[in-house]
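So this one's input-v5.cif, mmCIF, N, CA and C atoms:
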```cif
data_model
loop_
_atom_site.label_atom_id
_atom_site.label_comp_id
_atom_site.auth_asym_id
_atom_site.auth_seq_id
_atom_site.Cartn_x
_atom_site.Cartn_y
_atom_site.Cartn_z
N MET A 1 0.85 -1.18 0.00
CA MET A 1 0.00 0.00 0.00
C MET A 1 0.89 1.24 0.00
N PRO A 2 0.78 2.09 -0.99
CA PRO A 2 1.60 3.29 -1.06
C PRO A 2 1.28 4.25 0.07
N LEU A 3 2.28 5.03 0.43
CA LEU A 3 2.12 6.00 1.50
C LEU A 3 0.97 6.95 1.21
N LEU A 4 0.93 7.47 0.00
CA LEU A 4 -0.11 8.43 -0.35
C LEU A 4 -1.10 7.76 -1.30
N ASN A 5 -1.85 6.84 -0.77
CA ASN A 5 -2.82 6.05 -1.52
C ASN A 5 -3.80 6.98 -2.24
N GLU A 6 -4.07 6.67 -3.48
CA GLU A 6 -4.98 7.49 -4.29
C GLU A 6 -6.39 7.53 -3.73
N ASN A 7 -6.78 6.53 -2.95
CA ASN A 7 -8.13 6.48 -2.40
C ASN A 7 -8.31 7.38 -1.18
N LYS A 8 -7.24 7.96 -0.69
CA LYS A 8 -7.31 8.83 0.48
C LYS A 8 -7.65 10.25 0.06
N ASN A 9 -8.36 10.94 0.96
CA ASN A 9 -8.63 12.35 0.69
C ASN A 9 -7.38 13.16 1.04
N GLU A 10 -7.39 14.45 0.75
CA GLU A 10 -6.20 15.30 0.94
C GLU A 10 -5.77 15.36 2.40
N GLU A 11 -6.74 15.41 3.31
CA GLU A 11 -6.41 15.46 4.74
C GLU A 11 -5.71 14.18 5.17
N GLU A 12 -6.20 13.03 4.71
CA GLU A 12 -5.59 11.75 5.05
C GLU A 12 -4.18 11.64 4.46
N LYS A 13 -4.01 12.13 3.23
CA LYS A 13 -2.69 12.12 2.60
C LYS A 13 -1.72 13.01 3.36
N SER A 14 -2.18 14.18 3.74
CA SER A 14 -1.34 15.12 4.48
C SER A 14 -0.92 14.50 5.82
N PHE A 15 -1.88 13.88 6.51
CA PHE A 15 -1.55 13.27 7.79
C PHE A 15 -0.58 12.11 7.62
N ALA A 16 -0.79 11.27 6.61
CA ALA A 16 0.11 10.14 6.37
C ALA A 16 1.54 10.64 6.15
N LEU A 17 1.69 11.73 5.45
CA LEU A 17 3.02 12.29 5.22
C LEU A 17 3.61 12.84 6.51
N ARG A 18 2.81 13.52 7.30
CA ARG A 18 3.29 14.07 8.58
C ARG A 18 3.71 12.94 9.52
N TRP A 19 2.93 11.85 9.58
CA TRP A 19 3.26 10.70 10.42
C TRP A 19 4.58 10.08 9.96
N TYR A 20 4.75 9.94 8.65
CA TYR A 20 5.99 9.40 8.10
C TYR A 20 7.17 10.29 8.47
N GLU A 21 7.00 11.60 8.34
CA GLU A 21 8.09 12.53 8.64
C GLU A 21 8.50 12.47 10.11
N VAL A 22 7.52 12.38 11.01
CA VAL A 22 7.83 12.29 12.44
C VAL A 22 8.58 10.99 12.74
N ARG A 23 8.09 9.89 12.20
CA ARG A 23 8.77 8.60 12.42
C ARG A 23 10.18 8.62 11.83
N ASN A 24 10.34 9.25 10.69
CA ASN A 24 11.66 9.33 10.07
C ASN A 24 12.60 10.19 10.91
N ARG A 25 12.07 11.27 11.46
CA ARG A 25 12.87 12.15 12.34
C ARG A 25 13.39 11.37 13.55
N VAL A 26 12.53 10.55 14.15
CA VAL A 26 12.94 9.74 15.29
C VAL A 26 13.94 8.67 14.83
N LYS A 27 13.70 8.09 13.65
CA LYS A 27 14.63 7.09 13.12
C LYS A 27 16.03 7.68 12.96
N GLU A 28 16.11 8.90 12.47
CA GLU A 28 17.41 9.55 12.28
C GLU A 28 18.13 9.74 13.60
N GLN A 29 17.39 10.00 14.67
CA GLN A 29 18.01 10.20 15.99
C GLN A 29 18.40 8.89 16.66
N PHE A 30 17.57 7.84 16.49
CA PHE A 30 17.76 6.62 17.26
C PHE A 30 18.14 5.40 16.43
N GLY A 31 18.17 5.52 15.11
CA GLY A 31 18.66 4.44 14.28
C GLY A 31 17.62 3.45 13.78
N GLN A 32 16.42 3.51 14.26
CA GLN A 32 15.38 2.63 13.73
C GLN A 32 14.03 3.33 13.77
N ARG A 33 13.20 3.01 12.78
CA ARG A 33 11.89 3.65 12.69
C ARG A 33 10.99 3.06 13.78
N PRO A 34 10.43 3.90 14.64
CA PRO A 34 9.64 3.41 15.77
C PRO A 34 8.19 3.12 15.41
N ASP A 35 7.59 2.23 16.20
CA ASP A 35 6.15 2.02 16.11
C ASP A 35 5.49 2.93 17.15
N ILE A 36 4.19 2.82 17.29
CA ILE A 36 3.46 3.69 18.22
C ILE A 36 3.96 3.49 19.66
N ASN A 37 4.19 2.25 20.06
CA ASN A 37 4.64 2.00 21.43
C ASN A 37 5.99 2.66 21.71
N ALA A 38 6.90 2.58 20.76
CA ALA A 38 8.20 3.21 20.94
C ALA A 38 8.07 4.73 21.01
N MET A 39 7.17 5.28 20.21
CA MET A 39 6.94 6.73 20.25
C MET A 39 6.39 7.14 21.61
N LEU A 40 5.44 6.36 22.14
CA LEU A 40 4.88 6.66 23.46
C LEU A 40 5.97 6.56 24.53
N PHE A 41 6.83 5.57 24.42
CA PHE A 41 7.93 5.41 25.37
C PHE A 41 8.84 6.64 25.35
N LEU A 42 9.18 7.11 24.15
CA LEU A 42 10.04 8.30 24.03
C LEU A 42 9.36 9.54 24.60
N ILE A 43 8.08 9.70 24.33
CA ILE A 43 7.34 10.85 24.87
C ILE A 43 7.32 10.77 26.39
N GLY A 44 7.08 9.59 26.92
CA GLY A 44 7.08 9.42 28.38
C GLY A 44 8.41 9.80 28.99
N MET A 45 9.51 9.33 28.38
CA MET A 45 10.84 9.70 28.89
C MET A 45 11.05 11.20 28.82
N ASN A 46 10.62 11.81 27.73
CA ASN A 46 10.77 13.25 27.57
C ASN A 46 9.99 14.00 28.64
N GLU A 47 8.77 13.56 28.90
CA GLU A 47 7.93 14.23 29.88
C GLU A 47 8.46 14.08 31.30
N VAL A 48 8.94 12.88 31.63
CA VAL A 48 9.44 12.62 32.97
C VAL A 48 10.84 13.21 33.15
N GLY A 49 11.57 13.30 32.04
CA GLY A 49 12.90 13.90 32.10
C GLY A 49 13.98 12.96 32.62
N ILE A 50 13.72 11.68 32.54
CA ILE A 50 14.68 10.68 33.00
C ILE A 50 15.07 9.81 31.81
N VAL A 51 16.38 9.65 31.60
CA VAL A 51 16.87 8.79 30.54
C VAL A 51 17.76 7.74 31.19
N LYS A 52 17.42 6.49 30.93
CA LYS A 52 18.22 5.38 31.45
C LYS A 52 18.44 4.39 30.31
N ASP A 53 19.52 3.62 30.41
CA ASP A 53 19.78 2.58 29.43
C ASP A 53 18.85 1.39 29.60
N LYS A 54 18.50 1.09 30.83
CA LYS A 54 17.69 -0.09 31.13
C LYS A 54 16.50 0.32 31.98
N TRP A 55 15.31 -0.02 31.50
CA TRP A 55 14.08 0.26 32.22
C TRP A 55 13.41 -1.05 32.59
N GLU A 56 12.83 -1.10 33.77
CA GLU A 56 12.03 -2.26 34.16
C GLU A 56 10.72 -2.24 33.36
N LYS A 57 10.11 -3.40 33.20
CA LYS A 57 8.87 -3.50 32.44
C LYS A 57 7.80 -2.56 32.98
N GLU A 58 7.64 -2.53 34.29
CA GLU A 58 6.62 -1.66 34.91
C GLU A 58 6.92 -0.18 34.66
N GLU A 59 8.21 0.18 34.69
CA GLU A 59 8.59 1.57 34.41
C GLU A 59 8.24 1.94 32.97
N LYS A 60 8.48 1.02 32.04
CA LYS A 60 8.13 1.27 30.63
C LYS A 60 6.64 1.49 30.49
N GLN A 61 5.85 0.66 31.16
CA GLN A 61 4.40 0.82 31.12
C GLN A 61 3.99 2.16 31.71
N ASP A 62 4.64 2.55 32.82
CA ASP A 62 4.33 3.83 33.45
C ASP A 62 4.68 5.00 32.53
N LEU A 63 5.82 4.90 31.83
CA LEU A 63 6.21 5.95 30.89
C LEU A 63 5.19 6.08 29.76
N MET A 64 4.75 4.95 29.25
CA MET A 64 3.76 4.98 28.17
C MET A 64 2.43 5.53 28.67
N HIS A 65 2.09 5.23 29.93
CA HIS A 65 0.86 5.78 30.52
C HIS A 65 0.96 7.30 30.63
N VAL A 66 2.11 7.79 31.10
CA VAL A 66 2.32 9.24 31.19
C VAL A 66 2.17 9.87 29.80
N ALA A 67 2.74 9.22 28.80
CA ALA A 67 2.65 9.75 27.43
C ALA A 67 1.21 9.82 26.95
N VAL A 68 0.46 8.75 27.15
CA VAL A 68 -0.94 8.74 26.71
C VAL A 68 -1.73 9.83 27.43
N CYS A 69 -1.53 9.94 28.73
CA CYS A 69 -2.24 10.99 29.49
C CYS A 69 -1.84 12.37 29.00
N LYS A 70 -0.57 12.59 28.76
CA LYS A 70 -0.09 13.88 28.26
C LYS A 70 -0.74 14.20 26.91
N LEU A 71 -0.71 13.23 26.01
CA LEU A 71 -1.27 13.45 24.68
C LEU A 71 -2.77 13.71 24.74
N LEU A 72 -3.49 12.94 25.54
CA LEU A 72 -4.94 13.09 25.60
C LEU A 72 -5.37 14.25 26.49
N SER A 73 -4.44 14.80 27.25
CA SER A 73 -4.79 15.99 28.05
C SER A 73 -5.07 17.18 27.14
N THR A 74 -4.50 17.18 25.94
CA THR A 74 -4.75 18.28 25.00
C THR A 74 -6.18 18.24 24.47
N GLU A 75 -6.83 17.07 24.62
CA GLU A 75 -8.23 16.92 24.22
C GLU A 75 -9.16 17.10 25.42
N GLY A 76 -8.57 17.34 26.61
CA GLY A 76 -9.37 17.52 27.81
C GLY A 76 -9.76 16.24 28.52
N TYR A 77 -9.22 15.11 28.09
CA TYR A 77 -9.58 13.84 28.71
C TYR A 77 -8.85 13.61 30.03
N TYR A 78 -7.66 14.17 30.17
CA TYR A 78 -6.88 14.04 31.40
C TYR A 78 -6.41 15.41 31.85
N LYS A 79 -6.18 15.51 33.16
CA LYS A 79 -5.69 16.76 33.74
C LYS A 79 -4.48 16.41 34.61
N LEU A 80 -3.39 17.15 34.40
CA LEU A 80 -2.21 16.97 35.22
C LEU A 80 -2.54 17.44 36.63
N THR A 81 -2.35 16.56 37.61
CA THR A 81 -2.67 16.93 38.99
C THR A 81 -1.42 17.27 39.79
N ARG A 82 -0.32 16.60 39.48
CA ARG A 82 0.91 16.91 40.21
C ARG A 82 2.10 16.23 39.53
N ILE A 83 3.26 16.71 39.91
CA ILE A 83 4.52 16.08 39.51
C ILE A 83 5.21 15.71 40.81
N ASP A 84 5.53 14.45 40.97
CA ASP A 84 6.12 14.02 42.24
C ASP A 84 7.61 14.38 42.32
N ALA A 85 8.22 14.09 43.45
CA ALA A 85 9.62 14.46 43.70
C ALA A 85 10.58 13.82 42.72
N ASP A 86 10.20 12.69 42.13
CA ASP A 86 11.06 12.01 41.15
C ASP A 86 10.82 12.49 39.72
N GLY A 87 9.90 13.45 39.54
CA GLY A 87 9.63 13.99 38.22
C GLY A 87 8.52 13.30 37.45
N TRP A 88 7.86 12.34 38.08
CA TRP A 88 6.78 11.62 37.42
C TRP A 88 5.50 12.44 37.47
N GLN A 89 4.85 12.55 36.32
CA GLN A 89 3.59 13.28 36.23
C GLN A 89 2.44 12.36 36.62
N HIS A 90 1.46 12.94 37.32
CA HIS A 90 0.27 12.19 37.71
C HIS A 90 -0.94 12.91 37.15
N TYR A 91 -1.81 12.15 36.52
CA TYR A 91 -2.99 12.70 35.86
C TYR A 91 -4.25 12.09 36.45
N GLU A 92 -5.35 12.80 36.27
CA GLU A 92 -6.64 12.23 36.58
C GLU A 92 -7.53 12.43 35.36
N ALA A 93 -8.46 11.50 35.20
CA ALA A 93 -9.38 11.59 34.06
C ALA A 93 -10.37 12.72 34.31
N ASN A 94 -10.55 13.58 33.32
CA ASN A 94 -11.51 14.68 33.40
C ASN A 94 -12.89 14.23 32.95
N THR A 95 -12.93 13.59 31.84
CA THR A 95 -14.19 13.13 31.27
C THR A 95 -13.98 11.73 30.75
N ASN A 96 -15.05 11.07 30.49
CA ASN A 96 -14.94 9.75 29.89
C ASN A 96 -14.52 9.88 28.44
N ILE A 97 -13.55 9.09 28.08
CA ILE A 97 -13.12 9.06 26.69
C ILE A 97 -14.20 8.32 25.92
N PRO A 98 -14.64 8.89 24.82
CA PRO A 98 -15.70 8.21 24.07
C PRO A 98 -15.21 6.84 23.59
N PRO A 99 -16.11 5.89 23.54
CA PRO A 99 -15.70 4.56 23.09
C PRO A 99 -15.24 4.61 21.63
N LEU A 100 -14.04 4.13 21.41
CA LEU A 100 -13.47 4.10 20.06
C LEU A 100 -13.04 2.67 19.76
N ASN A 101 -13.19 2.27 18.52
CA ASN A 101 -12.66 0.96 18.15
C ASN A 101 -11.13 1.06 18.08
N LEU A 102 -10.48 -0.07 17.96
CA LEU A 102 -9.02 -0.11 18.00
C LEU A 102 -8.39 0.77 16.93
N LYS A 103 -8.93 0.75 15.72
CA LYS A 103 -8.38 1.56 14.63
C LYS A 103 -8.50 3.05 14.95
N ASP A 104 -9.64 3.48 15.48
CA ASP A 104 -9.83 4.89 15.83
C ASP A 104 -8.93 5.31 16.99
N GLN A 105 -8.73 4.41 17.96
CA GLN A 105 -7.81 4.71 19.06
C GLN A 105 -6.41 4.94 18.52
N GLU A 106 -5.99 4.06 17.62
CA GLU A 106 -4.65 4.18 17.03
C GLU A 106 -4.52 5.48 16.24
N GLU A 107 -5.53 5.82 15.47
CA GLU A 107 -5.49 7.06 14.69
C GLU A 107 -5.43 8.29 15.59
N LEU A 108 -6.19 8.29 16.69
CA LEU A 108 -6.16 9.40 17.62
C LEU A 108 -4.77 9.54 18.24
N LEU A 109 -4.18 8.43 18.66
CA LEU A 109 -2.84 8.48 19.24
C LEU A 109 -1.82 8.95 18.21
N LYS A 110 -1.90 8.46 16.99
CA LYS A 110 -0.97 8.91 15.95
C LYS A 110 -1.07 10.42 15.74
N LYS A 111 -2.30 10.92 15.67
CA LYS A 111 -2.52 12.35 15.48
C LYS A 111 -1.89 13.14 16.62
N LYS A 112 -2.10 12.70 17.85
CA LYS A 112 -1.56 13.41 19.00
C LYS A 112 -0.02 13.30 19.05
N ILE A 113 0.52 12.15 18.64
CA ILE A 113 1.98 11.97 18.60
C ILE A 113 2.58 12.93 17.59
N VAL A 114 1.98 13.02 16.42
CA VAL A 114 2.48 13.93 15.38
C VAL A 114 2.46 15.37 15.91
N GLU A 115 1.35 15.78 16.52
CA GLU A 115 1.26 17.13 17.07
C GLU A 115 2.33 17.37 18.13
N TYR A 116 2.57 16.37 18.97
CA TYR A 116 3.57 16.49 20.03
C TYR A 116 4.96 16.74 19.44
N PHE A 117 5.34 15.89 18.49
CA PHE A 117 6.68 16.02 17.91
C PHE A 117 6.83 17.26 17.06
N GLU A 118 5.78 17.67 16.39
CA GLU A 118 5.85 18.88 15.58
C GLU A 118 6.00 20.13 16.46
N ALA A 119 5.52 20.05 17.70
CA ALA A 119 5.62 21.18 18.62
C ALA A 119 6.99 21.29 19.28
N LEU A 120 7.81 20.23 19.20
CA LEU A 120 9.14 20.26 19.83
C LEU A 120 10.08 21.18 19.11
#
```

Show me the file's structure as structure tokens.
Amino acid sequence: MPLLNENKNEEEKSFALRWYEVRNRVKEQFGQRPDINAMLFLIGMNEVGIVKDKWEKEEKQDLMHVAVCKLLSTEGYYKLTRIDADGWQHYEANTNIPPLNLKDQEELLKKKIVEYFEAL
């Protein structure tokens, strides 16, 4: 499937290109093109401000949770409540996230990831 599929509208084509550019930018920095989970992990590390060579599985999950909350806070779904002494952000849900199927969840996260990286 080509990146800019002819069946896509202009907005979808534009977004596909922006997503590719963000992933390529990260690939240039880290040596491999990341998937969504890797992007969330990087955003979590950036938000917490801690970089380590080795992370425990639970820490990785926590970083990805921070990233998702950060990204969805721009939509009003989460609110930052505090940052603890170790630099970890804590969020609370503001409103219920509307039920989305897996594809729509992925698209929302991709959109928010692109916006995050473009703002850096």

**OP:** With the file shown as input, list the residues that the PyMOL selection byres (((chain A and resi 17 and name CA) around 12) and name CA) selects, as a PyMOL selection string.
**Re:** chain A and resi 2-5+8+10-16+18-24+110-111+114

Original post:
If you run DSSP on the backbone, which residues of chain A are strand (DSSP E), as a list in words?
Top reply: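 For chain A, the strand (DSSP E) set is Tyr78, Lys79, Leu80, Thr81, Arg82, Ile83, Gln89, His90, Tyr91, Glu92 and Ala93 of chain A.
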
Original post:
With only C-alpha atoms as the basis for distance, which of A:Lys27, A:His90, A:Lys79, A:Lys103 is at the shortest distance from A:Leu42?
Top reply: A:Lys27

Original post:
Counting all atoms listed in the file, which of A:Ala93, A:Leu102, A:Leu63, A:Leu109 gets nearest to A:Val48?
Top reply: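 Closest residue, counting all atoms listed in the file: A:Leu63.
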
Original post:
To one decimal place, how far is atom CA of A:Ala38 from atom CA of A:Asn9 in Å?
Top reply: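 Distance between the two atoms: 27.9 Å.
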
Original post:
On this structure, which residues satisfy the PyMOL selection byres ((chain A and resi 41) around 8), written as a PyMOL selection string?
Top reply: chain A and resi 35-40+42-47+60-65+67-68

Subject >> atom CA of A:Gly49 to atom CA of A:Gly87, straight-line distance in Å >> reply: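 For atom CA of A:Gly87 relative to atom CA of A:Gly49, the distance reads 6.9 Å.
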
Original post:
How far is it from atom N of A:Lys52 to atom C of A:Glu106, in Å with one decimal?
Top reply: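 Straight-line distance from atom N of A:Lys52 to atom C of A:Glu106 works out to 26.4 Å.
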
Original post:
Could you write out, as a PyMOL selection string, all the residues of stretch 44-120 of chain A that DSSP marks as alpha helix (DSSP H)?
Top reply: chain A and resi 44-48+57-73+102-119

**OP:** Tell me which of A:Arg82, A:Glu59, A:Gly76, A:Pro34 sits closest to A:Asn96, counting only N, CA and C atoms.
**Re:** A:Gly76
